[in-house]
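J.: To start, I am sharing the structure in question, which I have written as structure tokens.
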Amino acid sequence: MLAQALELSRLETATGAAHDNVALDALLEDVITNADYEGAPRGRKVVLAECERLLLTGSHAALYSAFENVIRNALAHTADGSTVSVRLTRGAPNHALVSVRDHGPGVAEADLVRIFEPFYRTDSARTRSSGGTGLGLAIARRAIERHGGAIVARNLSEGGLEVTIDLPLVRAEDAPLHSTSTPVASLL
């Protein structure tokens, strides 16, 4: 828990932006490989169901942590014998969309926004022995926001929870100053 609290504090107080070239597809494949291994004893799988090759400039470490926290949270709450599906697609112009869908009980509608607050855990998570610390999704939200993105959760009508992350592929400070320059092409 101390490591997560320190990570959240670092994300909230960091100045300046990292300029790593991040291949989102490769990053997600790494996270999924590690999470899938952990889910195997309970018959829980994590799969990259859809994937586009998308690149952005940012902090590889912060994005890895964000996706790891979201995917591990889904893995912890999905039903035994089920699959967590991860999708990486192109969203609005110059945006990446990552969705993580589990087959768990979902979250009360009133908690859908609150699950991204530090130390907040739903009532069902509080009674579980592996309920976590309530920091993982807060870390994910802060890392995504530091990249100019947004993260939301919604319950699915067929059951389960879907967390969607929308990330700009080009941050405002990296965007071209003139309409004639095209640095976006070098990122895609």
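So you can find residues: chains in the structure tokens are A, B, ... in the order shown, residues in each start at 1, and ligands are numbered from 1 in order.
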Could you pull the residues within 10 Å of Thr33 in chain A, counting only C-alpha atoms, minus those fewer than 6 positions along the same chain, as a PyMOL selection string?

T.: chain A and resi 45-48

J.: I'd like the contact shell of range 71-85 of chain A - 6 Å cut-off, only C-alpha atoms, skipping same-chain residues fewer than 4 positions apart - returned as a PyMOL selection string.

T.: chain A and resi 42-47+49+67+100-104

J.: Taking only C-alpha atoms into account, which of A:Val31, A:Ala40, A:Leu161, A:Val70 comes nearest Phe116 in chain A?

T.: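 Closest candidate: A:Val70.
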
J.: Find the residues around Asn155 in chain A up to 12 Å (only C-alpha atoms counted), leave out those fewer than 4 positions away in its own chain, and share them as a PyMOL selection string.

T.: chain A and resi 100-113+159-164

J.: Given the choices A:Ala62, A:Ala150, A:Leu167, A:Leu156, which gets closest to Arg90 in chain A if the distance is worked out from only C-alpha atoms?

T.: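 Looking at the shortest contact to Arg90 in chain A, the residue is A:Leu167.
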